[in-house]
>>> print(open('query_5.txt').read())   # compact mmCIF, C-alpha atoms
# COMPACT_ATOMS: atom_id res chain seq x y z
CA MET A 1 -0.90 -15.94 -39.89
CA ASN A 2 1.70 -16.64 -37.23
CA ALA A 3 -0.50 -19.17 -35.45
CA THR A 4 -1.22 -20.98 -38.72
CA SER A 5 2.45 -21.27 -39.68
CA LEU A 6 3.25 -22.60 -36.20
CA LEU A 7 0.44 -25.13 -36.63
CA VAL A 8 2.04 -26.25 -39.91
CA PHE A 9 5.40 -26.55 -38.15
CA ASP A 10 3.86 -28.59 -35.32
CA GLY A 11 2.10 -30.83 -37.83
CA LEU A 12 5.37 -31.47 -39.68
CA LEU A 13 7.08 -32.15 -36.36
CA LEU A 14 4.40 -34.68 -35.38
CA ILE A 15 4.56 -36.42 -38.74
CA SER A 16 8.36 -36.68 -38.62
CA ILE A 17 8.30 -38.01 -35.03
CA VAL A 18 5.81 -40.76 -35.86
CA SER A 19 7.42 -41.68 -39.18
CA LEU A 20 10.94 -41.73 -37.70
CA ALA A 21 9.71 -43.95 -34.87
CA TRP A 22 8.05 -46.27 -37.37
CA ALA A 23 11.13 -46.33 -39.61
CA ALA A 24 13.38 -47.12 -36.64
CA LEU A 25 11.14 -50.01 -35.57
CA ALA A 26 10.55 -51.39 -39.06
CA SER A 27 14.15 -51.27 -40.29
CA PRO A 28 15.64 -54.76 -40.63
CA ASP A 29 19.18 -53.45 -40.12
CA ALA A 30 19.95 -52.81 -36.45
CA ARG A 31 22.56 -50.14 -37.15
CA ARG A 32 20.15 -48.21 -39.34
CA SER A 33 17.50 -48.55 -36.60
CA VAL A 34 19.83 -47.00 -34.05
CA ILE A 35 20.70 -44.05 -36.30
CA LEU A 36 17.01 -43.48 -37.01
CA PHE A 37 16.39 -43.68 -33.27
CA MET A 38 18.97 -40.94 -32.68
CA ALA A 39 17.28 -38.75 -35.30
CA PHE A 40 13.96 -39.53 -33.58
CA GLY A 41 15.43 -38.35 -30.27
CA LEU A 42 16.61 -35.07 -31.78
CA VAL A 43 13.22 -34.32 -33.35
CA LEU A 44 11.57 -35.27 -30.06
CA ALA A 45 13.84 -32.75 -28.29
CA VAL A 46 12.60 -30.06 -30.71
CA ALA A 47 9.03 -31.09 -29.86
CA TRP A 48 9.77 -30.70 -26.13
CA GLY A 49 11.16 -27.27 -26.91
CA ARG A 50 7.91 -26.41 -28.71
CA LEU A 51 5.98 -27.55 -25.63
CA LEU A 52 7.99 -24.95 -23.65
CA ALA A 53 9.75 -27.69 -21.67
CA PRO A 54 13.45 -26.83 -22.27
CA ASN A 55 14.56 -28.96 -19.30
CA VAL A 56 13.12 -32.09 -20.87
CA ALA A 57 14.37 -31.02 -24.32
CA LEU A 58 17.93 -30.75 -23.00
CA ALA A 59 17.71 -34.11 -21.25
CA GLU A 60 16.21 -35.76 -24.32
CA ALA A 61 18.90 -34.36 -26.62
CA ALA A 62 21.79 -35.25 -24.29
CA ILE A 63 20.65 -38.61 -22.92
CA GLY A 64 17.91 -39.83 -25.27
CA ALA A 65 19.53 -38.96 -28.58
CA GLY A 66 23.22 -38.61 -27.74
CA LEU A 67 24.36 -41.07 -25.11
CA SER A 68 21.68 -43.73 -25.64
CA GLY A 69 22.59 -43.64 -29.32
CA ALA A 70 26.26 -44.18 -28.52
CA LEU A 71 25.41 -47.05 -26.14
CA LEU A 72 23.12 -48.69 -28.70
CA LEU A 73 25.70 -48.35 -31.49
CA VAL A 74 28.31 -50.04 -29.31
CA ALA A 75 25.82 -52.81 -28.50
CA VAL A 76 25.03 -53.33 -32.19
CA GLY A 77 28.75 -53.50 -33.01
CA GLU A 78 29.23 -56.10 -30.26
CA GLN A 79 26.31 -58.19 -31.49
CA SER A 80 27.35 -58.21 -35.14
CA LYS A 81 30.77 -59.45 -34.03
CA HIS A 82 29.20 -62.53 -32.42
CA THR A 83 26.67 -63.54 -35.08
CA PRO A 84 28.01 -65.49 -38.07
CA HIS A 85 27.29 -63.93 -41.43
CA ASP A 86 26.42 -67.10 -43.41
CA GLY A 87 22.75 -67.98 -43.78
CA ALA A 88 22.77 -71.44 -42.11
CA VAL A 89 20.98 -71.42 -38.76
CA PRO A 90 21.58 -74.33 -36.34
CA VAL A 91 18.63 -75.92 -34.54
CA GLY A 92 19.37 -74.31 -31.17
CA LYS A 93 19.50 -70.91 -32.83
CA ARG A 94 16.20 -71.56 -34.58
CA ASN A 95 14.49 -72.08 -31.22
CA ALA A 96 16.12 -68.90 -29.98
CA LEU A 97 14.75 -67.06 -33.01
CA ARG A 98 11.27 -68.38 -32.29
CA VAL A 99 11.54 -67.21 -28.67
CA ARG A 100 12.70 -63.83 -29.94
CA ALA A 101 9.70 -63.50 -32.29
CA THR A 102 7.29 -64.36 -29.46
CA LEU A 103 9.08 -61.91 -27.21
CA GLN A 104 8.73 -59.20 -29.83
CA TRP A 105 4.98 -59.66 -29.94
CA PHE A 106 4.81 -59.67 -26.17
CA ILE A 107 6.79 -56.40 -25.95
CA THR A 108 4.61 -54.83 -28.65
CA LEU A 109 1.49 -55.74 -26.70
CA LEU A 110 2.95 -54.36 -23.47
CA CYS A 111 3.92 -51.11 -25.20
CA ALA A 112 0.45 -50.77 -26.73
CA ALA A 113 -1.12 -51.33 -23.29
CA LEU A 114 1.22 -48.75 -21.78
CA ALA A 115 0.40 -46.22 -24.51
CA ALA A 116 -3.33 -46.78 -24.00
CA THR A 117 -2.96 -46.30 -20.23
CA LEU A 118 -0.97 -43.11 -20.73
CA ALA A 119 -3.52 -41.77 -23.22
CA TRP A 120 -6.32 -42.56 -20.76
CA ALA A 121 -4.43 -40.86 -17.92
CA LEU A 122 -3.80 -37.79 -20.09
CA LEU A 123 -7.46 -37.54 -21.11
CA HIS A 124 -8.47 -37.96 -17.49
CA ALA A 125 -6.03 -35.25 -16.38
CA LEU A 126 -7.24 -32.84 -19.06
CA ASP A 127 -10.82 -33.58 -18.12
CA SER A 128 -10.54 -33.00 -14.40
CA ALA A 129 -8.51 -29.78 -14.89
CA THR A 130 -6.36 -30.35 -11.81
CA ASN A 131 -3.17 -29.67 -13.80
CA GLU A 132 -3.55 -25.96 -13.13
CA ARG A 133 -3.72 -26.49 -9.40
CA LEU A 134 -0.48 -28.51 -9.31
CA ALA A 135 1.45 -25.87 -11.24
CA GLN A 136 -0.04 -23.23 -8.96
CA ALA A 137 1.05 -25.10 -5.84
CA VAL A 138 4.60 -25.26 -7.23
CA SER A 139 4.79 -21.58 -8.07
CA GLU A 140 3.32 -20.59 -4.71
CA ASN A 141 6.00 -22.51 -2.82
CA LEU A 142 8.87 -21.77 -5.21
CA ALA A 143 10.29 -19.04 -2.96
CA ALA A 144 10.82 -21.55 -0.12
CA SER A 145 12.50 -24.16 -2.31
CA GLY A 146 15.93 -22.51 -2.46
CA VAL A 147 15.98 -22.38 -6.28
CA SER A 148 13.99 -20.37 -8.82
CA ASN A 149 13.80 -23.00 -11.58
CA PRO A 150 10.49 -24.82 -10.91
CA VAL A 151 11.74 -28.07 -12.48
CA THR A 152 14.78 -28.19 -10.18
CA ALA A 153 12.54 -27.26 -7.25
CA ILE A 154 10.32 -30.28 -8.00
CA LEU A 155 13.17 -32.71 -8.72
CA LEU A 156 15.40 -31.79 -5.80
CA ASN A 157 12.99 -30.45 -3.21
CA PHE A 158 9.24 -31.11 -3.52
CA ARG A 159 9.64 -34.57 -5.03
CA ALA A 160 13.20 -35.27 -3.89
CA HIS A 161 12.24 -38.85 -2.92
CA ASP A 162 11.58 -39.66 -6.57
CA THR A 163 14.99 -38.38 -7.64
CA LEU A 164 16.67 -40.29 -4.81
CA LEU A 165 15.05 -43.49 -6.07
CA GLU A 166 16.04 -42.66 -9.67
CA LEU A 167 19.65 -42.34 -8.57
CA ALA A 168 19.32 -45.65 -6.72
CA VAL A 169 18.12 -47.25 -9.97
CA LEU A 170 21.15 -45.81 -11.78
CA LEU A 171 23.44 -47.15 -9.05
CA THR A 172 21.88 -50.61 -9.37
CA ALA A 173 22.42 -50.52 -13.14
CA ALA A 174 26.07 -49.52 -12.67
CA LEU A 175 26.59 -52.31 -10.13
CA GLY A 176 25.09 -54.81 -12.56
CA ILE A 177 27.38 -53.66 -15.36
CA LEU A 178 30.44 -53.80 -13.10
CA ALA A 179 29.47 -57.26 -11.82
CA ILE A 180 29.02 -59.03 -15.14
CA GLY A 181 30.80 -56.94 -17.75
CA THR A 182 34.41 -56.44 -18.72
CA ALA A 183 35.50 -53.37 -20.61
CA ARG A 184 35.67 -53.57 -24.39
CA PRO A 185 39.12 -53.25 -25.97
CA ASP A 186 40.38 -49.71 -26.57
CA TYR A 187 39.68 -48.01 -29.86
CA GLN A 188 42.56 -47.36 -32.20
CA ARG A 189 44.16 -43.94 -31.96
CA ALA A 190 42.30 -41.31 -33.92
CA GLY A 191 43.82 -39.43 -36.82
CA PRO A 192 44.77 -35.76 -36.56
CA VAL A 193 41.31 -34.45 -37.52
CA PHE A 194 39.32 -36.25 -34.82
CA ASP A 195 42.15 -35.80 -32.33
CA GLY A 196 42.06 -32.06 -32.96
CA LEU A 197 38.29 -32.01 -32.54
CA ALA A 198 38.51 -33.92 -29.25
CA ARG A 199 41.27 -31.60 -28.04
CA TRP A 200 39.01 -28.56 -27.95
CA LEU A 201 35.63 -30.29 -27.66
CA VAL A 202 36.40 -32.06 -24.38
CA PRO A 203 37.27 -28.90 -22.40
CA VAL A 204 34.18 -27.18 -23.85
CA LEU A 205 32.01 -30.14 -22.80
CA ILE A 206 33.41 -30.10 -19.27
CA LEU A 207 32.82 -26.35 -19.04
CA THR A 208 29.27 -26.81 -20.36
CA ALA A 209 28.61 -29.51 -17.76
CA GLY A 210 29.68 -27.17 -14.97
CA TYR A 211 27.55 -24.39 -16.43
CA LEU A 212 24.48 -26.64 -16.73
CA LEU A 213 24.90 -27.77 -13.12
CA TRP A 214 25.17 -24.20 -11.83
CA VAL A 215 22.46 -22.70 -14.03
CA GLY A 216 19.98 -25.45 -13.05
CA ALA A 217 19.08 -23.42 -9.97
CA HIS A 218 17.38 -20.67 -11.95
CA ALA A 219 17.15 -21.76 -15.61
CA PRO A 220 16.88 -25.01 -17.60
CA GLY A 221 19.71 -27.35 -16.65
CA GLY A 222 20.58 -29.56 -13.71
CA ALA A 223 22.37 -32.70 -12.64
CA PHE A 224 21.01 -35.05 -15.33
CA GLN A 225 21.86 -32.78 -18.26
CA ALA A 226 25.23 -31.88 -16.75
CA GLY A 227 26.06 -35.53 -16.01
CA ALA A 228 25.21 -36.55 -19.56
CA THR A 229 27.41 -33.77 -20.96
CA LEU A 230 30.29 -34.77 -18.72
CA ALA A 231 29.86 -38.39 -19.81
CA ALA A 232 29.87 -37.24 -23.44
CA ALA A 233 33.34 -35.74 -22.87
CA ALA A 234 34.60 -39.14 -21.71
CA VAL A 235 32.92 -40.87 -24.67
CA VAL A 236 34.64 -38.48 -27.10
CA LEU A 237 38.01 -39.18 -25.45
CA ARG A 238 37.42 -42.91 -25.66
CA LEU A 239 36.35 -42.77 -29.32
CA ALA A 240 39.54 -40.81 -30.00
CA GLY A 241 41.47 -43.83 -28.74
CA LYS A 242 42.70 -42.32 -25.48
CA ARG A 243 43.36 -44.81 -22.71
CA ILE A 244 42.81 -42.28 -19.91
CA ILE A 245 39.32 -40.85 -20.15
CA GLY A 246 38.94 -39.30 -16.73
CA LEU A 247 37.32 -42.28 -15.04
CA PRO A 248 38.98 -42.75 -11.62
CA GLN A 249 40.51 -45.98 -10.29
CA ALA A 250 38.29 -48.72 -8.90
CA GLY A 251 38.05 -47.54 -5.27
CA THR A 252 37.31 -43.91 -6.06
CA LEU A 253 35.00 -45.01 -8.88
CA ARG A 254 32.81 -46.93 -6.42
CA VAL A 255 32.57 -43.91 -4.14
CA ILE A 256 31.59 -41.67 -7.06
CA LEU A 257 29.02 -44.16 -8.40
CA ALA A 258 27.39 -44.27 -4.97
CA ALA A 259 27.75 -40.52 -4.41
CA GLY A 260 24.44 -39.51 -6.02
CA ALA A 261 22.15 -41.62 -3.86
CA GLY A 262 24.66 -41.42 -0.99
CA MET A 263 24.72 -37.63 -0.74
CA PHE A 264 20.91 -37.61 -0.82
CA LEU A 265 20.81 -40.10 2.07
CA VAL A 266 23.48 -38.25 4.07
CA VAL A 267 21.61 -34.95 3.74
CA GLY A 268 18.23 -36.58 4.43
CA LEU A 269 19.43 -38.49 7.49
CA THR A 270 21.32 -35.49 8.89
CA LEU A 271 18.12 -33.47 8.63
CA LEU A 272 16.25 -36.28 10.40
CA LEU A 273 18.79 -36.19 13.23
CA LEU A 274 18.31 -32.42 13.47
CA GLY A 275 14.60 -33.02 13.99
CA ARG A 276 13.37 -32.06 10.52
CA PRO A 277 11.48 -34.36 8.14
CA PHE A 278 13.54 -36.58 5.78
CA LEU A 279 14.84 -34.28 3.00
CA GLY A 280 12.84 -31.37 4.43
CA TYR A 281 15.50 -28.70 3.92
CA PRO A 282 15.40 -25.58 6.08
CA PRO A 283 14.59 -22.78 3.56
CA ALA A 284 17.75 -20.81 4.42
CA TRP A 285 19.96 -23.79 3.55
CA ALA A 286 17.89 -25.26 0.73
CA GLY A 287 19.87 -23.67 -2.14
CA SER A 288 23.26 -24.86 -0.89
CA LEU A 289 22.00 -28.34 -0.01
CA ILE A 290 20.44 -28.72 -3.46
CA LEU A 291 23.69 -27.66 -5.13
CA LEU A 292 25.63 -30.13 -2.95
CA ILE A 293 23.30 -33.01 -3.86
CA GLU A 294 23.24 -32.03 -7.52
CA SER A 295 27.04 -31.90 -7.75
CA ALA A 296 27.32 -35.41 -6.30
CA ALA A 297 24.47 -36.60 -8.54
CA MET A 298 26.15 -35.15 -11.64
CA LEU A 299 29.36 -37.09 -10.94
CA ALA A 300 27.42 -40.29 -10.23
CA ILE A 301 25.31 -39.97 -13.38
CA ALA A 302 28.35 -39.23 -15.54
CA ALA A 303 30.32 -42.15 -14.06
CA THR A 304 27.37 -44.53 -14.52
CA LEU A 305 26.95 -43.55 -18.17
CA VAL A 306 30.68 -43.88 -18.87
CA VAL A 307 30.81 -47.30 -17.17
CA ALA A 308 27.86 -48.35 -19.35
CA PHE A 309 29.71 -47.14 -22.46
CA LEU A 310 32.87 -48.99 -21.43
CA GLY A 311 30.83 -52.13 -20.76
CA GLY A 312 32.45 -52.84 -17.40
CA ARG A 313 35.69 -52.48 -15.54
CA SER A 314 38.77 -52.10 -17.69
CA PRO A 315 41.04 -55.17 -17.48
CA ALA A 316 43.89 -53.05 -16.13
CA ALA A 317 41.76 -51.69 -13.29
CA ALA A 318 40.41 -55.18 -12.54
CA SER A 319 43.88 -56.71 -12.25
CA ASN A 320 44.97 -53.79 -10.09
CA ASP A 321 42.07 -54.60 -7.82
CA GLU A 322 43.10 -58.24 -7.54
CA ASN A 323 46.62 -57.17 -6.53
CA ASN A 324 45.24 -54.91 -3.84
CA ARG A 325 43.21 -57.77 -2.42
CA CYS A 326 46.18 -60.15 -2.13
CA MET B 1 15.37 -2.75 -43.49
CA ILE B 2 17.10 -5.03 -40.98
CA GLU B 3 14.02 -7.25 -40.97
CA LEU B 4 14.17 -7.56 -44.74
CA VAL B 5 17.89 -8.44 -44.79
CA SER B 6 17.49 -11.02 -42.04
CA SER B 7 14.49 -12.60 -43.80
CA LEU B 8 16.42 -12.76 -47.07
CA MET B 9 19.36 -14.40 -45.30
CA MET B 10 17.11 -17.01 -43.70
CA VAL B 11 15.35 -17.78 -46.99
CA ALA B 12 18.74 -18.13 -48.68
CA GLY B 13 19.86 -20.42 -45.84
CA ILE B 14 16.81 -22.63 -46.32
CA GLY B 15 17.65 -22.72 -50.06
CA PHE B 16 21.10 -24.11 -49.24
CA TYR B 17 19.54 -26.73 -46.95
CA LEU B 18 17.17 -27.73 -49.74
CA ALA B 19 20.05 -28.04 -52.21
CA GLY B 20 22.04 -30.11 -49.71
CA SER B 21 19.11 -32.44 -49.08
CA ILE B 22 18.43 -32.90 -52.79
CA GLY B 23 22.14 -33.63 -53.23
CA LEU B 24 21.99 -36.23 -50.44
CA LEU B 25 19.09 -37.97 -52.17
CA ARG B 26 20.17 -37.66 -55.80
CA LEU B 27 23.96 -37.75 -56.07
CA PRO B 28 25.47 -41.08 -57.14
CA ASP B 29 28.14 -41.98 -54.54
CA LEU B 30 29.02 -41.44 -50.90
CA TYR B 31 31.75 -38.85 -51.44
CA SER B 32 29.68 -36.51 -53.58
CA ARG B 33 26.72 -36.92 -51.22
CA LEU B 34 28.92 -36.01 -48.24
CA HIS B 35 30.27 -33.07 -50.19
CA ALA B 36 26.78 -31.79 -50.96
CA LEU B 37 25.49 -32.34 -47.43
CA THR B 38 28.28 -30.83 -45.35
CA LYS B 39 29.15 -27.84 -47.53
CA ALA B 40 25.59 -26.78 -48.32
CA ASP B 41 24.30 -27.36 -44.80
CA ASN B 42 27.16 -25.52 -43.13
CA LEU B 43 26.59 -22.49 -45.32
CA GLY B 44 22.81 -22.80 -44.86
CA LEU B 45 23.17 -22.91 -41.08
CA GLY B 46 25.56 -19.95 -41.21
CA LEU B 47 23.03 -17.89 -43.15
CA LEU B 48 20.20 -18.97 -40.85
CA ALA B 49 22.24 -18.08 -37.76
CA ALA B 50 23.24 -14.72 -39.22
CA GLY B 51 19.62 -13.98 -40.14
CA LEU B 52 18.42 -14.91 -36.65
CA ALA B 53 21.20 -12.87 -35.05
CA LEU B 54 20.14 -9.80 -37.04
CA HIS B 55 16.50 -10.51 -36.20
CA SER B 56 17.22 -10.73 -32.45
CA GLN B 57 19.15 -7.41 -32.40
CA ASP B 58 20.95 -8.60 -29.29
CA VAL B 59 24.73 -9.03 -29.12
CA PHE B 60 24.55 -11.82 -26.53
CA ILE B 61 22.13 -13.91 -28.60
CA ALA B 62 24.19 -13.20 -31.73
CA LEU B 63 27.32 -14.52 -29.99
CA LYS B 64 25.43 -17.64 -28.87
CA LEU B 65 24.30 -18.27 -32.45
CA LEU B 66 27.88 -17.78 -33.66
CA LEU B 67 29.04 -20.36 -31.10
CA VAL B 68 26.37 -22.81 -32.30
CA TRP B 69 27.49 -22.33 -35.90
CA LEU B 70 31.18 -22.81 -35.07
CA ALA B 71 30.46 -25.98 -33.06
CA VAL B 72 28.39 -27.44 -35.90
CA LEU B 73 31.10 -26.47 -38.43
CA ALA B 74 33.78 -28.31 -36.48
CA ALA B 75 31.60 -31.34 -35.76
CA SER B 76 30.31 -31.75 -39.31
CA ALA B 77 33.73 -31.21 -40.89
CA ALA B 78 35.27 -33.81 -38.58
CA SER B 79 32.46 -36.36 -39.01
CA ALA B 80 32.41 -35.94 -42.80
CA HIS B 81 36.16 -36.56 -42.80
CA LEU B 82 35.74 -39.67 -40.62
CA ILE B 83 32.96 -41.12 -42.78
CA ALA B 84 34.88 -40.45 -45.99
CA ARG B 85 38.11 -41.92 -44.59
CA HIS B 86 36.30 -45.03 -43.37
CA ALA B 87 34.71 -45.55 -46.81
CA HIS B 88 38.01 -44.91 -48.56
CA ARG B 89 39.93 -47.40 -46.40
CA LYS B 90 37.20 -50.00 -46.90
CA GLU B 91 37.48 -49.58 -50.68
CA ALA B 92 41.26 -49.78 -50.56
CA GLY B 93 41.07 -52.88 -48.34
CA SER B 94 38.66 -54.89 -50.46
>>> encode(input="query_5.txt", output="structure tokens")
Amino acid sequence: MNATSLLVFDGLLLISIVSLAWAALASPDARRSVILFMAFGLVLAVAWGRLLAPNVALAEAAIGAGLSGALLLVAVGEQSKHTPHDGAVPVGKRNALRVRATLQWFITLLCAALAATLAWALLHALDSATNERLAQAVSENLAASGVSNPVTAILLNFRAHDTLLELAVLLTAALGILAIGTARPDYQRAGPVFDGLARWLVPVLILTAGYLLWVGAHAPGGAFQAGATLAAAAVVLRLAGKRIIGLPQAGTLRVILAAGAGMFLVVGLTLLLLGRPFLGYPPAWAGSLILLIESAAMLAIAATLVVAFLGGRSPAAASNDENNRC
Amino acid sequence: MIELVSSLMMVAGIGFYLAGSIGLLRLPDLYSRLHALTKADNLGLGLLAAGLALHSQDVFIALKLLLVWLAVLAASAASAHLIARHAHRKEAGS
């Protein structure tokens, strides 16, 4: 009875994931697409929870549904500001539309190819039954990793190189945004209701971020989830029309943006100098080193996401920078 | 006995969700739809959380569920207010 009702639940979950994805893609209105995409992310997070992967579920809910949704909504708002609302399309625009249609087909084909490859890889993995061995290897070596959450052990210890490169990708994205973007104008000040919400929500979000960072060592959580939660606090402050949202001035901001990949490199190179392999933590120190790297990574991830939400350096900070240079 | 009460609470909670969803689909304008959605869903979630808290028979889990309910209450009240105010200002402006 129980298994059957769970099967019904899973079936409903699958149907809603696929139909939400289809609705988001098929909607002609970009804003509606984004909102459907956020709903899609939330249902996907529930599906990850059902697959007993709470780490991924948390990341999906915080980054996939929450912050990506906010970024996409801002992008849609920006775009609708630039496009004229009358129907007449000039010739140059018409060519651009044709390019866009071709591009759409190209992206669809790429995605289909990617999905087919993934499906093939999954079938192959299920077939060769090596998935058990990998999980076994992780749980056998968990004691030496310095943490008891296997996901954190993989991300920050066994496969730390991958996470280092991920943080480098984030840093590159932040540098790109800072290089070409300028911050969007501030929002108008929120009314008493939203202001009141922000007043107690922001401290709770900051507290939650700290908790997620700390708990990542032995339960679902970690730098990515904590960073996204911290960034959400800044996004709430900004939406409430606050000018000061906790993002530091330009010089400190650069240090923080680079801190994630930087701390990884510092720890890795120090270990190399001490005659150990790159990022091969001594087991006695592993827990502390992982916490150190994760703290730096949380700040870097949060700062990157907030910079992306702002769209670049704020004009005030930029002019300050110019003055410093003179 | 506790099992029965918690099941009844959860079924009642699902009933409120159903009513809220039907209201969202069937009611004529934005304000009444918002009214149906936020009020019914908040009560539905409260009943669901209370039912689950009873079911778990664990104070810590019950407190967590209470926290979830309070956070959703605050967020949905504030967002319903924001949506309604935006619509109202737009109407007044045009």
>>> closest_residue(input="query_5.txt", among="B:Ala50, B:Ala74, B:Leu65, B:Ala40", to="B:Leu24", atoms="all atoms listed in the file")
B:Ala40
>>> interface_residues(input="query_5.txt", of="chain A", to="chain B", cutoff="8 Å", atoms="only C-alpha atoms", output="PDB file with C-alpha atoms, keeping the file's coordinate frame")
ATOM      1  CA  VAL A 193      41.310 -34.450 -37.520  1.00  0.00           C
ATOM      2  CA  PHE A 194      39.320 -36.250 -34.820  1.00  0.00           C
ATOM      3  CA  LEU A 197      38.290 -32.010 -32.540  1.00  0.00           C
TER       4      LEU A 197
END
>>> closest_residue(input="query_5.txt", among="A:Gln225, A:Ile245, A:Ala173, A:Phe278", to="A:Met298", atoms="all atoms listed in the file")
A:Gln225
>>> residues_around(input="query_5.txt", residues="A:Ser295", least_positions_apart="6", cutoff="12 Å", atoms="only C-alpha atoms", output="list in words")
Leu156, Ala209, Gly210, Tyr211, Leu212, Leu213, Trp214, Gly216, Ala217, Gly222, Ala223, Phe224, Gln225, Ala226, Gly227, Leu230, Ile256, Ala259, Gly260, Ala261, Gly262, Met263, Phe264, Ser288, Leu289, Ile301 and Ala302 of chain A
>>> atom_distance(input="query_5.txt", atom1="atom CA of A:Leu239", atom2="atom CA of A:Gly191")
11.1 Å
>>> residues_around(input="query_5.txt", residues="A:Gly246", least_positions_apart="3", cutoff="12 Å", atoms="all atoms listed in the file", output="JSON, numbers by chain")
{"A": [202, 203, 206, 230, 231, 232, 233, 234, 235, 236, 237, 238, 242, 243, 249, 252, 253, 299, 302, 303, 306, 307]}
>>> closest_residue(input="query_5.txt", among="B:Val72, B:Leu4, B:Ala36, B:Leu63", to="B:Leu18", atoms="all atoms listed in the file")
B:Ala36
